[in-house]
Amino acid sequence: MSWPSDVGILGIELVFPSLYIDQTELEQFDGVSAGKYTVGLGQSKMGFCTDREDINSLCLTVVSNLLKRYNVNPKDIGRLEVGTETIIDKSKSVKSVLMQLFDEYGATDLEGIDTTNACYGGTAALFNAINWIESSSYDGRLALVVCGDIAVYAKGSARPTGGAGAIAMLIGPNAPLVFDRKVRATYMKHAYDFYKPDLTSEFPVVDGKLSIQCYLSALDSCYRLYCEKYQKQNPGAKVLGLNQFDALVFHTPYCKLVQKSLGRVSLNDFVLTTDPEQRKELYPAIYEKYESIKLEETYFDRDVEKLFMDYSKDIFNKKTKPSLLLANQVGNMYTPSVYSGLVSYLISADEDVNKLLGKHIGVFSYGSGLASTMYSISVTNDCTKLQPLLDKLNYVKPLLEQRIKISPQEFTELMEVRVHNSHRTNFEPSGAIDRLFPGTYYLKYVDDMHRRTYEKRE
């Protein structure tokens, strides 16, 4: 059996809100200790949307931008799927709204709808696109995967972990970012760690402690299974475990959890090193004390956490910290989160293609409830393939600097307006249009039948 070669990401587009709040100022406004959000969570700024933007407008903007930036003929797209947990209609998909961008070209033959499971929906949509291209249904066209969400929380300790954004990925063969085959490792389980049972509210129900435990246990399971599958596919491999990756990108609820997660991967490597002499050589200061350590007993062991975070600090700074720019500056985007990490890693090279050629990137995607997968991406060695993609991401850093800072007081007021206008009919949103980035789609009006009309800020 044959399949298209080097299936992966041909292009990637990102949007985030034009408004943000400074986390230091939010600490002061909330009356919490200095550093609680900036150091404790690892967050500097948080992007947010007024009532002028919803999940449809975010996805309209990112798809429109991608089609334009990559000069894609809509008729060349054969599959379009959206991953999101931001639901504004229990029946009508976001994908169906996006068809407005394709109808005028007579492009209506597009498979795919919406895929939902917390922050994992975008990854599921991505895998569906890859599987479509490698299936008997493939007709030679490209796939477009869209991940978008607005993460908002009620007043309290969770509010600074919000954010918003959307990412669109053009998927096809002969790509510069290639998905490795036969090494995906998935872990799924029933849990009530984070969920949204109240359909009248954008706010989730969160069990914070359970959420962290679920995330780390999923990481343990996915990483160990990935290593097992990788060794089976590469029996002669000399470099295994964390050392096989040039970069490791994680779903990022907040940046500090990612640093802990990299330490967690290091702990897994320690546990997987069963040869006593090798363990003594690699971990001379700790091999005896933690000889019989059990992973399931360490989720909230601060001593073990700190020990392996310290042990892996240099690895974190080199392989994972470069992927946290957007998470630190915008916040948790939910489904786009892990892919904003990929974008951050790519732009950290400052368009120097040689820093990225041939790199092996590990990716961990997690969605509460729970669903998770670890997989990997191999970067091409062909600079003529990779350079155009990097060039097309040169807008990201300047756009971050063009955002408008909002005071905590105004932010709080805008959030109250957003809550008040949720599910209203016969109304026009009040958010300022002139604060949006040019090219942004925005919600113009909701009529008495809940039908939403969008316009584009030119």
# chains A, B, ... in the order shown; residues from 1 in each chain; ligands from 1

$ residues_around --residues "Gln233 of chain A" --least-positions-apart "5" --cutoff "10 Å" --atoms "only C-alpha atoms" --output "ChimeraX atom specification"
/A:181-183,227-228

$ residues_around --residues "Tyr20 of chain A" --least-positions-apart "4" --cutoff "10 Å" --atoms "only C-alpha atoms" --output "list of chain:residue names"
A:Phe16, A:Lys45, A:Met46, A:Gly47, A:Phe48, A:Cys49, A:Gly163, A:Gln329, A:Val330, A:Gly331, A:Leu400, A:Arg403, A:Ile404, A:Lys405, A:Ile406, A:Ser407, A:Pro408, A:Phe411

$ residues_around --residues "Phe245 of chain A" --least-positions-apart "3" --cutoff "12 Å" --atoms "only C-alpha atoms" --output "ChimeraX atom specification"
/A:227,230,239-242,248-249,262,265,315-316,318-320,358-363,375-379

$ closest_atom_pairs --of "segment 138-226 of chain A" --to "segment 80-96 of chain A" --cutoff "10 Å" --atoms "only C-alpha atoms" --output "JSON lines"
{"residue": "A:Leu142", "atom": "CA", "partner": "A:Leu80", "partner_atom": "CA", "distance": 9.0}
{"residue": "A:Ala143", "atom": "CA", "partner": "A:Leu80", "partner_atom": "CA", "distance": 5.9}
{"residue": "A:Leu144", "atom": "CA", "partner": "A:Leu80", "partner_atom": "CA", "distance": 4.8}
{"residue": "A:Val145", "atom": "CA", "partner": "A:Glu81", "partner_atom": "CA", "distance": 5.2}
{"residue": "A:Val146", "atom": "CA", "partner": "A:Val82", "partner_atom": "CA", "distance": 4.6}
{"residue": "A:Cys147", "atom": "CA", "partner": "A:Gly83", "partner_atom": "CA", "distance": 4.8}
{"residue": "A:Gly148", "atom": "CA", "partner": "A:Thr84", "partner_atom": "CA", "distance": 5.5}
{"residue": "A:Asp149", "atom": "CA", "partner": "A:Thr86", "partner_atom": "CA", "distance": 5.4}
{"residue": "A:Ile150", "atom": "CA", "partner": "A:Thr86", "partner_atom": "CA", "distance": 6.4}
{"residue": "A:Ala151", "atom": "CA", "partner": "A:Thr86", "partner_atom": "CA", "distance": 8.1}
{"residue": "A:Ala166", "atom": "CA", "partner": "A:Thr84", "partner_atom": "CA", "distance": 9.4}
{"residue": "A:Ile167", "atom": "CA", "partner": "A:Gly83", "partner_atom": "CA", "distance": 9.9}
{"residue": "A:Ala168", "atom": "CA", "partner": "A:Val82", "partner_atom": "CA", "distance": 9.0}
{"residue": "A:Leu170", "atom": "CA", "partner": "A:Leu80", "partner_atom": "CA", "distance": 9.6}
{"residue": "A:Tyr195", "atom": "CA", "partner": "A:Glu85", "partner_atom": "CA", "distance": 9.8}
{"residue": "A:Lys196", "atom": "CA", "partner": "A:Glu85", "partner_atom": "CA", "distance": 9.1}
{"residue": "A:Leu199", "atom": "CA", "partner": "A:Ile87", "partner_atom": "CA", "distance": 8.4}
{"residue": "A:Thr200", "atom": "CA", "partner": "A:Ile88", "partner_atom": "CA", "distance": 9.2}
{"residue": "A:Ser201", "atom": "CA", "partner": "A:Ile88", "partner_atom": "CA", "distance": 9.9}
{"residue": "A:Glu202", "atom": "CA", "partner": "A:Thr86", "partner_atom": "CA", "distance": 7.7}

$ residues_around --residues "Tyr153 of chain A" --least-positions-apart "4" --cutoff "8 Å" --atoms "only C-alpha atoms" --output "list of chain:residue names"
A:Ala158, A:Arg159, A:Thr161, A:Gly162, A:Glu202, A:Phe203, A:Pro204

$ write_last_selection --atoms "C-alpha atoms" --output "CSV table (one decimal), in the first residue's frame"
chain,number,residue,atom,x,y,z
A,158,ALA,CA,-8.7,30.9,37.5
A,159,ARG,CA,-9.4,34.1,35.6
A,161,THR,CA,-5.4,31.6,33.0
A,162,GLY,CA,-7.7,32.8,30.3
A,202,GLU,CA,-19.0,30.5,28.8
A,203,PHE,CA,-17.4,29.7,32.2
A,204,PRO,CA,-16.2,26.1,32.9

$ closest_residue --among "A:Tyr254, A:Tyr70, A:Tyr226, A:Tyr441" --to "Phe364 of chain A" --atoms "only C-alpha atoms"
A:Tyr226

$ closest_atom_pairs --of "segment 35-151 of chain A" --to "segment 418-438 of chain A" --cutoff "7 Å" --atoms "only C-alpha atoms" --output "JSON lines"
{"residue": "A:Thr50", "atom": "CA", "partner": "A:Gly431", "partner_atom": "CA", "distance": 5.6}
{"residue": "A:Asp51", "atom": "CA", "partner": "A:Arg418", "partner_atom": "CA", "distance": 5.1}
{"residue": "A:Arg52", "atom": "CA", "partner": "A:Gly431", "partner_atom": "CA", "distance": 5.3}

$ closest_residue --among "A:Ile212, A:Leu356, A:Leu326, A:Ile55" --to "Glu401 of chain A" --atoms "only C-alpha atoms"
A:Leu326

$ closest_residue --among "A:Tyr299, A:Tyr223, A:Phe250, A:Tyr454" --to "Asp269 of chain A" --atoms "only C-alpha atoms"
A:Tyr223

$ select_by_dssp --residues "segment 294-422 of chain A" --states "strand (DSSP E or B)" --output "list in words"
His360, Ile361, Gly362, Val363, Phe364, Ser365, Tyr366, Gly367, Ala371, Ser372, Thr373, Met374, Tyr375, Ser376, Ile377, Ser378, Val379, Ile404 and Lys405 of chain A

$ closest_residue --among "A:Val258, A:Met333, A:Ile347, A:Leu386" --to "Ala118 of chain A" --atoms "only C-alpha atoms"
A:Met333

$ residues_around --residues "Thr373 of chain A" --least-positions-apart "4" --cutoff "7 Å" --atoms "only C-alpha atoms" --output "ChimeraX atom specification"
/A:184-187,222,364-366

$ closest_residue --among "A:Lys68, A:Lys75, A:Arg141, A:Lys260" --to "Asp301 of chain A" --atoms "only C-alpha atoms"
A:Lys260

$ atom_distance --atom1 "atom CA of Gly367 of chain A" --atom2 "atom CA of Leu110 of chain A"
26.3 Å
